[in-house]
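query02.cif follows (mmCIF, C-alpha atoms):
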data_start
#
loop_
_atom_site.group_PDB
_atom_site.id
_atom_site.type_symbol
_atom_site.label_atom_id
_atom_site.label_comp_id
_atom_site.auth_asym_id
_atom_site.auth_seq_id
_atom_site.Cartn_x
_atom_site.Cartn_y
_atom_site.Cartn_z
ATOM 1 C CA CYS A 22 -84.418 -23.521 31.063
ATOM 2 C CA THR A 23 -83.156 -19.901 30.920
ATOM 3 C CA GLY A 24 -79.994 -20.827 32.856
ATOM 4 C CA SER A 25 -78.931 -23.507 30.368
ATOM 5 C CA LYS A 26 -76.462 -23.135 27.510
ATOM 6 C CA ASN A 27 -79.141 -23.983 24.938
ATOM 7 C CA ALA A 28 -81.665 -21.347 26.044
ATOM 8 C CA PRO A 29 -82.384 -18.768 23.284
ATOM 9 C CA THR A 30 -80.539 -15.880 24.965
ATOM 10 C CA PRO A 31 -78.220 -13.179 23.604
ATOM 11 C CA GLU A 32 -75.464 -14.489 25.926
ATOM 12 C CA ASN A 33 -75.695 -18.014 24.517
ATOM 13 C CA PHE A 34 -75.835 -16.716 20.940
ATOM 14 C CA THR A 35 -72.715 -14.611 21.598
ATOM 15 C CA LEU A 36 -70.840 -17.630 23.004
ATOM 16 C CA ALA A 37 -71.776 -19.791 20.011
ATOM 17 C CA LEU A 38 -70.930 -17.174 17.391
ATOM 18 C CA ASN A 39 -67.603 -16.170 18.975
ATOM 19 C CA ALA A 40 -66.547 -19.834 19.200
ATOM 20 C CA TRP A 41 -67.425 -20.354 15.524
ATOM 21 C CA PHE A 42 -65.714 -17.180 14.254
ATOM 22 C CA VAL A 43 -62.430 -17.964 16.043
ATOM 23 C CA SER A 44 -62.123 -21.078 13.865
ATOM 24 C CA HIS A 45 -63.663 -19.443 10.752
ATOM 25 C CA PRO A 46 -61.657 -16.268 10.050
ATOM 26 C CA SER A 47 -62.504 -13.732 7.347
ATOM 27 C CA CYS A 48 -60.223 -14.064 4.319
ATOM 28 C CA LEU A 49 -59.461 -12.096 1.156
ATOM 29 C CA LEU A 50 -58.997 -15.156 -1.062
ATOM 30 C CA PRO A 51 -61.108 -18.027 0.301
ATOM 31 C CA ASN A 52 -60.817 -20.166 -2.865
ATOM 32 C CA THR A 53 -57.515 -19.221 -4.529
ATOM 33 C CA ARG A 54 -54.592 -21.550 -5.220
ATOM 34 C CA PHE A 55 -51.019 -20.447 -5.916
ATOM 35 C CA PRO A 56 -49.326 -20.047 -8.271
ATOM 36 C CA PHE A 57 -52.231 -17.969 -9.578
ATOM 37 C CA GLU A 58 -52.519 -16.499 -13.078
ATOM 38 C CA THR A 59 -54.931 -13.846 -14.276
ATOM 39 C CA SER A 60 -55.390 -11.390 -17.108
ATOM 40 C CA ASP A 61 -58.338 -9.717 -15.339
ATOM 41 C CA LYS A 62 -57.356 -6.119 -14.542
ATOM 42 C CA ALA A 63 -59.566 -5.834 -11.440
ATOM 43 C CA ILE A 64 -58.154 -9.040 -9.947
ATOM 44 C CA SER A 65 -54.614 -7.952 -10.876
ATOM 45 C CA LYS A 66 -55.166 -4.686 -8.991
ATOM 46 C CA GLN A 67 -56.134 -6.642 -5.882
ATOM 47 C CA MET A 68 -53.208 -9.058 -6.224
ATOM 48 C CA ASP A 69 -50.788 -6.175 -6.884
ATOM 49 C CA SER A 70 -51.748 -4.669 -3.507
ATOM 50 C CA LEU A 71 -50.548 -7.907 -1.890
ATOM 51 C CA VAL A 72 -47.338 -7.688 -3.960
ATOM 52 C CA LYS A 73 -46.757 -4.136 -2.617
ATOM 53 C CA SER A 74 -47.274 -5.515 0.895
ATOM 54 C CA LEU A 75 -44.579 -8.150 0.100
ATOM 55 C CA LEU A 76 -46.986 -11.071 0.558
ATOM 56 C CA LEU A 77 -46.926 -12.133 -3.105
ATOM 57 C CA GLU A 78 -44.410 -11.997 -5.927
ATOM 58 C CA LYS A 79 -45.440 -11.222 -9.497
ATOM 59 C CA SER A 80 -44.095 -12.169 -12.893
ATOM 60 C CA GLU A 81 -45.512 -11.206 -16.264
ATOM 61 C CA GLU A 82 -46.355 -13.946 -18.766
ATOM 62 C CA MET A 83 -46.015 -11.822 -21.922
ATOM 63 C CA SER A 84 -46.930 -14.609 -24.352
ATOM 64 C CA ILE A 85 -50.392 -14.973 -22.805
ATOM 65 C CA HIS A 86 -50.771 -11.396 -21.486
ATOM 66 C CA ALA A 87 -51.235 -12.597 -17.917
ATOM 67 C CA SER A 88 -49.725 -11.920 -14.533
ATOM 68 C CA ARG A 89 -48.510 -14.861 -12.476
ATOM 69 C CA TYR A 90 -48.564 -14.538 -8.693
ATOM 70 C CA THR A 91 -46.639 -16.708 -6.252
ATOM 71 C CA VAL A 92 -46.461 -16.534 -2.479
ATOM 72 C CA SER A 93 -43.445 -14.677 -1.080
ATOM 73 C CA PRO A 94 -41.564 -15.952 1.982
ATOM 74 C CA ALA A 95 -43.272 -13.229 4.074
ATOM 75 C CA GLY A 96 -46.680 -14.208 2.701
ATOM 76 C CA ALA A 97 -46.313 -17.938 3.405
ATOM 77 C CA ARG A 98 -47.760 -17.498 6.891
ATOM 78 C CA PHE A 99 -51.024 -16.070 5.446
ATOM 79 C CA ALA A 100 -51.324 -17.983 2.154
ATOM 80 C CA PRO A 101 -53.310 -19.120 0.346
ATOM 81 C CA ARG A 102 -56.437 -17.495 1.844
ATOM 82 C CA PHE A 103 -54.883 -14.333 3.346
ATOM 83 C CA CYS A 104 -57.151 -14.192 6.366
ATOM 84 C CA TYR A 105 -57.404 -10.786 8.012
ATOM 85 C CA GLY A 106 -58.890 -11.625 11.403
ATOM 86 C CA HIS A 107 -62.063 -12.985 12.892
ATOM 87 C CA ARG A 108 -65.336 -11.470 14.016
ATOM 88 C CA GLU A 109 -66.006 -10.902 17.702
ATOM 89 C CA ILE A 110 -69.603 -10.212 18.669
ATOM 90 C CA ALA A 111 -70.156 -6.809 20.303
ATOM 91 C CA SER A 112 -73.928 -7.096 20.688
ATOM 92 C CA ILE A 113 -76.871 -9.266 19.678
ATOM 93 C CA ASP A 114 -79.424 -6.903 18.154
ATOM 94 C CA SER A 115 -82.286 -9.308 17.429
ATOM 95 C CA PHE A 116 -83.190 -12.883 16.611
ATOM 96 C CA THR A 117 -86.074 -14.510 14.792
ATOM 97 C CA PRO A 118 -88.612 -16.803 16.470
ATOM 98 C CA LEU A 119 -87.392 -20.403 16.661
ATOM 99 C CA ALA A 120 -88.357 -22.531 13.658
ATOM 100 C CA VAL A 121 -87.619 -26.200 13.014
ATOM 101 C CA ASN A 122 -85.256 -26.956 10.115
ATOM 102 C CA ASN A 123 -83.723 -30.422 9.522
ATOM 103 C CA GLY A 124 -84.999 -31.494 12.932
ATOM 104 C CA PHE A 125 -83.293 -28.664 14.839
ATOM 105 C CA LYS A 126 -84.755 -25.470 16.215
ATOM 106 C CA GLU A 127 -83.072 -22.566 14.422
ATOM 107 C CA THR A 128 -82.999 -18.791 14.680
ATOM 108 C CA THR A 129 -81.419 -16.078 12.557
ATOM 109 C CA VAL A 130 -79.407 -13.755 14.761
ATOM 110 C CA SER A 131 -78.549 -10.138 13.838
ATOM 111 C CA TYR A 132 -75.507 -8.661 15.554
ATOM 112 C CA HIS A 133 -72.786 -6.016 15.652
ATOM 113 C CA TYR A 134 -69.177 -7.199 15.545
ATOM 114 C CA ALA A 135 -65.606 -5.955 15.475
ATOM 115 C CA MET A 136 -62.681 -7.687 13.768
ATOM 116 C CA LYS A 137 -59.949 -9.059 16.052
ATOM 117 C CA GLU A 138 -56.359 -10.202 15.418
ATOM 118 C CA ILE A 139 -55.963 -8.095 12.266
ATOM 119 C CA PRO A 140 -52.491 -8.489 10.690
ATOM 120 C CA VAL A 141 -50.408 -5.392 9.954
ATOM 121 C CA TRP A 142 -50.580 -5.846 6.167
ATOM 122 C CA ALA A 143 -54.396 -5.556 6.256
ATOM 123 C CA HIS A 144 -54.026 -1.896 7.314
ATOM 124 C CA SER A 145 -51.885 -1.023 4.244
ATOM 125 C CA PRO A 146 -53.518 1.774 2.202
ATOM 126 C CA ASP A 147 -53.029 -0.257 -1.011
ATOM 127 C CA VAL A 148 -54.713 -3.349 0.427
ATOM 128 C CA LEU A 149 -57.527 -1.287 1.975
ATOM 129 C CA ALA A 150 -58.175 0.380 -1.395
ATOM 130 C CA ALA A 151 -58.057 -2.917 -3.322
ATOM 131 C CA PHE A 152 -60.369 -4.793 -0.929
ATOM 132 C CA PRO A 153 -63.170 -2.371 0.096
ATOM 133 C CA GLU A 154 -65.230 -5.099 1.825
ATOM 134 C CA MET A 155 -62.286 -5.921 4.089
ATOM 135 C CA ALA A 156 -61.622 -2.209 4.686
ATOM 136 C CA LYS A 157 -65.215 -1.736 5.845
ATOM 137 C CA ALA A 158 -65.085 -4.852 8.043
ATOM 138 C CA ILE A 159 -61.914 -3.910 9.937
ATOM 139 C CA GLN A 160 -62.754 -0.259 10.572
ATOM 140 C CA GLY A 161 -64.838 -0.321 13.730
ATOM 141 C CA GLN A 162 -68.201 -1.974 14.096
ATOM 142 C CA SER A 163 -70.023 -3.850 11.378
ATOM 143 C CA THR A 164 -73.285 -5.767 11.317
ATOM 144 C CA GLY A 165 -73.997 -9.320 10.294
ATOM 145 C CA THR A 166 -76.512 -12.134 10.505
ATOM 146 C CA SER A 167 -76.006 -15.841 11.138
ATOM 147 C CA VAL A 168 -78.261 -18.844 11.505
ATOM 148 C CA LEU A 169 -77.856 -20.745 14.776
ATOM 149 C CA ALA A 170 -79.203 -24.220 15.528
ATOM 150 C CA GLN A 171 -80.156 -25.405 19.008
ATOM 151 C CA THR A 172 -78.520 -28.649 20.127
ATOM 152 C CA ILE A 173 -79.100 -30.619 23.322
ATOM 153 C CA SER A 174 -76.300 -28.743 25.068
ATOM 154 C CA SER A 175 -75.749 -25.439 23.250
ATOM 155 C CA TRP A 176 -76.200 -23.355 20.073
ATOM 156 C CA GLN A 177 -74.066 -23.744 16.979
ATOM 157 C CA VAL A 178 -73.689 -22.542 13.409
ATOM 158 C CA PRO A 179 -74.998 -25.406 11.190
ATOM 159 C CA ASP A 180 -72.543 -26.914 8.676
#
Write out the structure in this file as structure tokens.
Amino acid sequence: CTGSKNAPTPENFTLALNAWFVSHPSCLLPNTRFPFETSDKAISKQMDSLVKSLLLEKSEEMSIHASRYTVSPAGARFAPRFCYGHREIASIDSFTPLAVNNGFKETTVSYHYAMKEIPVWAHSPDVLAAFPEMAKAIQGQSTGTSVLAQTISSWQVPD
């Protein structure tokens, strides 16, 4: 069984996670719709960093003391989620013993990863300062954990 794609091995976990992350990139704004309005100063600071990077345009709504953000022509390629790359597994550090959940054997895998396909705007000092989680993720190696479920033919991240 160790030679099969569904054996609980670091190689198989790496294949499954890399396949999943390619189609599930990391994004600054996973649930934002444009045009977007806010009067929250912290959110405005983040959005203003994307304005400085020419990805968004900003107008002030004086009557309601809010800033309105729209996607610029340069930002259209990245909007509305502004994804900044995807994880690529560098190493599998550990995994939990297999346990049955919803009829599938599952394990929680701990790993090191690096971000790949990072757009130029994500390296802007303003954006890095406004989005510290992204800054940490794109600078070298980070760690993460994911649950993987064993199928008849392979491992996959459950929906």
Pull the closest atom pair for each residue of range 39-107 of chain A that gets at most 12 Å from range 143-152 of chain A, along with the distance in Å to one decimal, counting all atoms listed in the file, ordering rows by chain and then ascending residue number, as CSV.
residue,atom,partner,partner_atom,distance
A:Ser47,CA,A:Ala143,CA,11.6
A:Cys48,CA,A:Ala143,CA,10.5
A:Leu49,CA,A:Phe152,CA,7.6
A:Leu50,CA,A:Phe152,CA,10.5
A:Lys62,CA,A:Ala151,CA,11.7
A:Ala63,CA,A:Ala151,CA,8.8
A:Ile64,CA,A:Ala151,CA,9.0
A:Ser65,CA,A:Ala151,CA,9.7
A:Lys66,CA,A:Ala151,CA,6.6
A:Gln67,CA,A:Ala151,CA,4.9
A:Met68,CA,A:Ala151,CA,8.3
A:Asp69,CA,A:Asp147,CA,8.6
A:Ser70,CA,A:Val148,CA,5.1
A:Leu71,CA,A:Val148,CA,6.6
A:Val72,CA,A:Val148,CA,9.6
A:Lys73,CA,A:Asp147,CA,7.5
A:Ser74,CA,A:Ser145,CA,7.3
A:Leu75,CA,A:Ser145,CA,11.0
A:Leu76,CA,A:Ala143,CA,10.9
A:Phe99,CA,A:Ala143,CA,11.1
A:Phe103,CA,A:Ala143,CA,9.3
A:Cys104,CA,A:Ala143,CA,9.1
A:Tyr105,CA,A:Ala143,CA,6.3
A:Gly106,CA,A:Ala143,CA,9.1
Matched chain/residue IDs from the PyMOL selection byres ((chain A and resi 92) around 12), as a PyMOL selection string: chain A and resi 53-57+68+71-72+74-80+89-91+93-103
What would the file look like if the residues just selected were written as a PDB file, in the frame of the given file with C-alpha atoms?
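In the end it all went to result_24.pdb:
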ATOM      1  CA  THR A  53     -57.515 -19.221  -4.529  1.00  0.00           C
ATOM      2  CA  ARG A  54     -54.592 -21.550  -5.220  1.00  0.00           C
ATOM      3  CA  PHE A  55     -51.019 -20.447  -5.916  1.00  0.00           C
ATOM      4  CA  PRO A  56     -49.326 -20.047  -8.271  1.00  0.00           C
ATOM      5  CA  PHE A  57     -52.231 -17.969  -9.578  1.00  0.00           C
ATOM      6  CA  MET A  68     -53.208  -9.058  -6.224  1.00  0.00           C
ATOM      7  CA  LEU A  71     -50.548  -7.907  -1.890  1.00  0.00           C
ATOM      8  CA  VAL A  72     -47.338  -7.688  -3.960  1.00  0.00           C
ATOM      9  CA  SER A  74     -47.274  -5.515   0.895  1.00  0.00           C
ATOM     10  CA  LEU A  75     -44.579  -8.150   0.100  1.00  0.00           C
ATOM     11  CA  LEU A  76     -46.986 -11.071   0.558  1.00  0.00           C
ATOM     12  CA  LEU A  77     -46.926 -12.133  -3.105  1.00  0.00           C
ATOM     13  CA  GLU A  78     -44.410 -11.997  -5.927  1.00  0.00           C
ATOM     14  CA  LYS A  79     -45.440 -11.222  -9.497  1.00  0.00           C
ATOM     15  CA  SER A  80     -44.095 -12.169 -12.893  1.00  0.00           C
ATOM     16  CA  ARG A  89     -48.510 -14.861 -12.476  1.00  0.00           C
ATOM     17  CA  TYR A  90     -48.564 -14.538  -8.693  1.00  0.00           C
ATOM     18  CA  THR A  91     -46.639 -16.708  -6.252  1.00  0.00           C
ATOM     19  CA  SER A  93     -43.445 -14.677  -1.080  1.00  0.00           C
ATOM     20  CA  PRO A  94     -41.564 -15.952   1.982  1.00  0.00           C
ATOM     21  CA  ALA A  95     -43.272 -13.229   4.074  1.00  0.00           C
ATOM     22  CA  GLY A  96     -46.680 -14.208   2.701  1.00  0.00           C
ATOM     23  CA  ALA A  97     -46.313 -17.938   3.405  1.00  0.00           C
ATOM     24  CA  ARG A  98     -47.760 -17.498   6.891  1.00  0.00           C
ATOM     25  CA  PHE A  99     -51.024 -16.070   5.446  1.00  0.00           C
ATOM     26  CA  ALA A 100     -51.324 -17.983   2.154  1.00  0.00           C
ATOM     27  CA  PRO A 101     -53.310 -19.120   0.346  1.00  0.00           C
ATOM     28  CA  ARG A 102     -56.437 -17.495   1.844  1.00  0.00           C
ATOM     29  CA  PHE A 103     -54.883 -14.333   3.346  1.00  0.00           C
TER      30      PHE A 103
END
Out of A:Ala156, A:Met83, A:Leu119, A:Val178, which residue has the shortest atom-to-atom distance to Phe42 in chain A when counting all atoms listed in the file? A:Val178
With distances taken over all atoms listed in the file, the candidate from A:Met136, A:Glu58, A:Gln162, A:Pro153 nearest Ser112 in chain A is A:Gln162
Separation of CA of Thr59 in chain A from CA of Glu82 in chain A, in Å and rounded to one decimal: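 So the answer is 9.7 Å.
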Long-range neighbours of range 25-35 of chain A as a list in words, 8 Å cut-off, all atoms listed in the file, 3 positions minimum in chain: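 In the requested form, the answer reads Cys22, Leu38, Asn39, Ile110, Ser112, Ile113, Val130, Leu169, Gln171, Thr172, Ile173, Ser174, Ser175 and Trp176 of chain A.
Distance-wise, CA of Asn122 in chain A and CA of Gly165 in chain A end up 20.9 Å apart.
The point (-75.4, -5.6, 15.9) has these residues within 6 Å of it, counting all atoms listed in the file: Ser112, Ile113, Asp114, Ser131, Tyr132, His133 and Thr164 of chain A.
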What would the file look like if the residues just selected were written as a PDB file, in the coordinates of the input with C-alpha atoms?
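Below is the file selection-v1.pdb, written as the result:
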ATOM      1  CA  SER A 112     -73.928  -7.096  20.688  1.00  0.00           C
ATOM      2  CA  ILE A 113     -76.871  -9.266  19.678  1.00  0.00           C
ATOM      3  CA  ASP A 114     -79.424  -6.903  18.154  1.00  0.00           C
ATOM      4  CA  SER A 131     -78.549 -10.138  13.838  1.00  0.00           C
ATOM      5  CA  TYR A 132     -75.507  -8.661  15.554  1.00  0.00           C
ATOM      6  CA  HIS A 133     -72.786  -6.016  15.652  1.00  0.00           C
ATOM      7  CA  THR A 164     -73.285  -5.767  11.317  1.00  0.00           C
TER       8      THR A 164
END
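Separating CA of Ala37 in chain A from CA of Gln177 in chain A is a distance of 5.5 Å.
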Need the axis-aligned box for range 73-78 of chain A with 8 Å each side, so what are the centre and edges in Å to one decimal, as lines of an AutoDock Vina configuration file?
center_x = -45.8
center_y = -8.1
center_z = -2.5
size_x = 18.9
size_y = 24.0
size_z = 22.8
